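Asker: I have a structure I would like to understand better, so I am pasting it below and will then ask my questions one at a time.
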Amino acid sequence: MATDAGDPIPRFPAGFLWGVSTSAHQIEGAADERGPSVWDVFTAGPGRVKDGSTAAVACDHYHRYPEDVALLAGLGVDAYRFSVSWPRAGSPGGLDFYDRLVDELCAAGVRPVPTLFHWDLPASLDWLERDTAHRFAAYVSTVAERLNDRVSTWITLNEPAEHTLLGHALGVHAPGRRLLFDALPVAHHQLLAHGLAVRALRAAGAGDIGIANSHGPTWPASADPADVQAAAFYDTLLNRLFAEPLLLGEYPDDLGELMPSPDIAADLKAIAEPLDWYGVNYYAPTLVGAPLGTETESGGVPIPAELPFSVREITGRPRTDFGWPVVPEGLTELLCGFRERYGDRLPPIVITENGCSYEGLDDQDRIAYLDAHLRALHAAVAAGVDVRGYFVWSLLDNFEWAEGYARRFGLVHVDYATLERVPKASYHWFRDVLRAQR
């Protein structure tokens, strides 16, 4: 998917927030200087990570963060979305690292945007247990008390849908459970944790609070009623289930009746605490049809035959090295669809992740991908969607969960043997885009 300079990317509104994202477990390393997470336990098992690797060292960001902040400053981003490791924050002196990181970011003129949970649950906890939501709120209070004097923007959770589906329903991510629909309590407890965290942040005097939810359009495989019905169910499960409790204060299609709660109305009131903005992680649409009676695949993830839908291949599109279809107009469709579906209940939107896996330092395919998605995002803005910011995934190549180090999403190349950082062509391209936007 080669590209050339082409026309300049249209200008986004004044005050638009430009940033890049990472997560603690994927880049920090220094695993011996924090408590264990469910991902440490998961990756210790044979065959769970494709290249047999772990994140014990990763990019060693824990020790090299000044170098990485210098890369952020050179890139010219307004903001850096990172995550706080709950196992590290709960270890002696663990919050000292985030003190140092936030100070370094502020000195470089980069806004720190911490995500408070990005899948690395302490190994002693379990999202099947309701108490984990309350434990999360207590942890959030501790972090906010420490950092709120310098942090103005907060994210509660990253992608609770994927953590539920991949980690608890299908078992391909930590903690490795294959519960199928019995994983629904995990969804509810994460959403409750989000709501309780919003309350904890507000109580600590924090403002500008959002969440990073993953969303994408769901396309029926055909006009056949069975395919349309299966696609609607998939859309409910992966999109509406995680948006509507937050935005509307209710579960779609009576799914609330399946949630474990002594008082579902009180839980939903907490979950629907008002947000300042709504984060969207976008990668691709999903093509869904009726069950085929055989296992299908979505983004390299097996979809069991017993589920009431099958995932089909989107054809006729370029693909990333991960095999994901490149469909930038899906971002426009998603955002305009959300505005139509939720109206004035939809807060301003921030794209909290968007990116792609490609090899090479001269990564023209990544440049073409980002260029096309920024134009698609601008089309949504021009259509009236209130979008306030955009974060590229990711600053650095990193530990890509069950894929190990086989996938490279970074604007900056990391040599995992030497840990040397080398900016790619896309880093320089994005730097120039940001300069032109100002």
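Letters A, B, ... mark the chains of the structure tokens in the order given; residue numbers begin at 1 per chain; ligand numbers begin at 1, in order shown.
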To test your reading of the structure, identify every residue in range 277-430 of chain A that backbone DSSP assigns to strand (DSSP E), and report it as a PyMOL selection string.
Answerer: chain A and resi 278-281+286-289+296-298+301-303+310-312+349-353+387-393+412-414+421-423
Asker: Range 401-405 of chain A: which residues within 8 Å, counting only C-alpha atoms, same-chain residues fewer than 3 positions away excluded, as a ChimeraX atom specification?
Answerer: /A:26,48-54,172-173,398,408
Asker: One decimal, in Å: what's the spacing between CA of Val228 in chain A and CA of Ala290 in chain A?
Answerer: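 CA of Val228 in chain A sits 8.0 Å away from CA of Ala290 in chain A.
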Asker: Set out as a tab-separated table a contact list for range 172-218 of chain A and range 337-350 of chain A with a cut-off of 12 Å, giving each residue of range 172-218 of chain A that qualifies its closest atom pair and distance in Å to one decimal, counting only C-alpha atoms, ordered by chain and rising residue number.
Answerer:
residue	atom	partner	partner_atom	distance
A:Asp208	CA	A:Pro348	CA	11.0
A:Ile209	CA	A:Pro347	CA	11.0
A:Gly210	CA	A:Val350	CA	8.8
A:Ile211	CA	A:Val350	CA	9.5
A:Ala212	CA	A:Val350	CA	8.6
A:Asn213	CA	A:Val350	CA	10.4
A:Ser214	CA	A:Val350	CA	11.7
A:His215	CA	A:Phe338	CA	10.0
A:Gly216	CA	A:Gly337	CA	10.2
A:Pro217	CA	A:Gly337	CA	8.6
A:Thr218	CA	A:Gly337	CA	11.1
Asker: Env of Asp182 in chain A: 12 Å cut, atoms = only C-alpha atoms, seq-sep filter 6 positions within chain, self excluded. Answer as a CSV table (one decimal) with N, CA, C and O atoms, in the first residue's frame.
Answerer:
chain,number,residue,atom,x,y,z
A,128,LEU,N,-14.2,-11.7,37.6
A,128,LEU,CA,-15.4,-12.4,37.9
A,128,LEU,C,-16.0,-12.1,39.2
A,128,LEU,O,-17.2,-12.3,39.5
A,164,THR,N,-12.8,-8.8,28.0
A,164,THR,CA,-13.8,-9.8,28.3
A,164,THR,C,-13.8,-10.9,27.3
A,164,THR,O,-13.8,-12.1,27.6
A,165,LEU,N,-13.8,-10.5,26.0
A,165,LEU,CA,-14.0,-11.5,24.9
A,165,LEU,C,-12.7,-12.4,24.8
A,165,LEU,O,-12.8,-13.6,24.9
A,168,HIS,N,-11.5,-13.8,28.7
A,168,HIS,CA,-12.4,-14.6,29.5
A,168,HIS,C,-13.4,-15.4,28.8
A,168,HIS,O,-13.9,-16.5,29.3
A,169,ALA,N,-13.8,-15.0,27.6
A,169,ALA,CA,-14.8,-15.8,26.8
A,169,ALA,C,-14.1,-16.8,25.9
A,169,ALA,O,-14.5,-18.0,25.7
A,170,LEU,N,-12.9,-16.4,25.2
A,170,LEU,CA,-12.3,-17.2,24.2
A,170,LEU,C,-10.9,-17.8,24.7
A,170,LEU,O,-10.4,-18.7,24.1
A,188,HIS,N,-19.7,-6.7,33.1
A,188,HIS,CA,-20.4,-5.9,34.1
A,188,HIS,C,-19.5,-5.3,35.1
A,188,HIS,O,-19.6,-4.1,35.5
A,258,LEU,N,-29.0,-10.5,32.7
A,258,LEU,CA,-28.0,-11.6,32.8
A,258,LEU,C,-26.8,-11.2,33.7
A,258,LEU,O,-25.9,-12.0,34.0
A,259,MET,N,-26.8,-9.9,34.2
A,259,MET,CA,-25.7,-9.4,34.9
A,259,MET,C,-25.8,-9.7,36.4
A,259,MET,O,-26.9,-9.5,37.0
A,260,PRO,N,-24.7,-10.1,37.1
A,260,PRO,CA,-24.8,-10.4,38.5
A,260,PRO,C,-24.8,-9.1,39.3
A,260,PRO,O,-23.8,-8.4,39.3
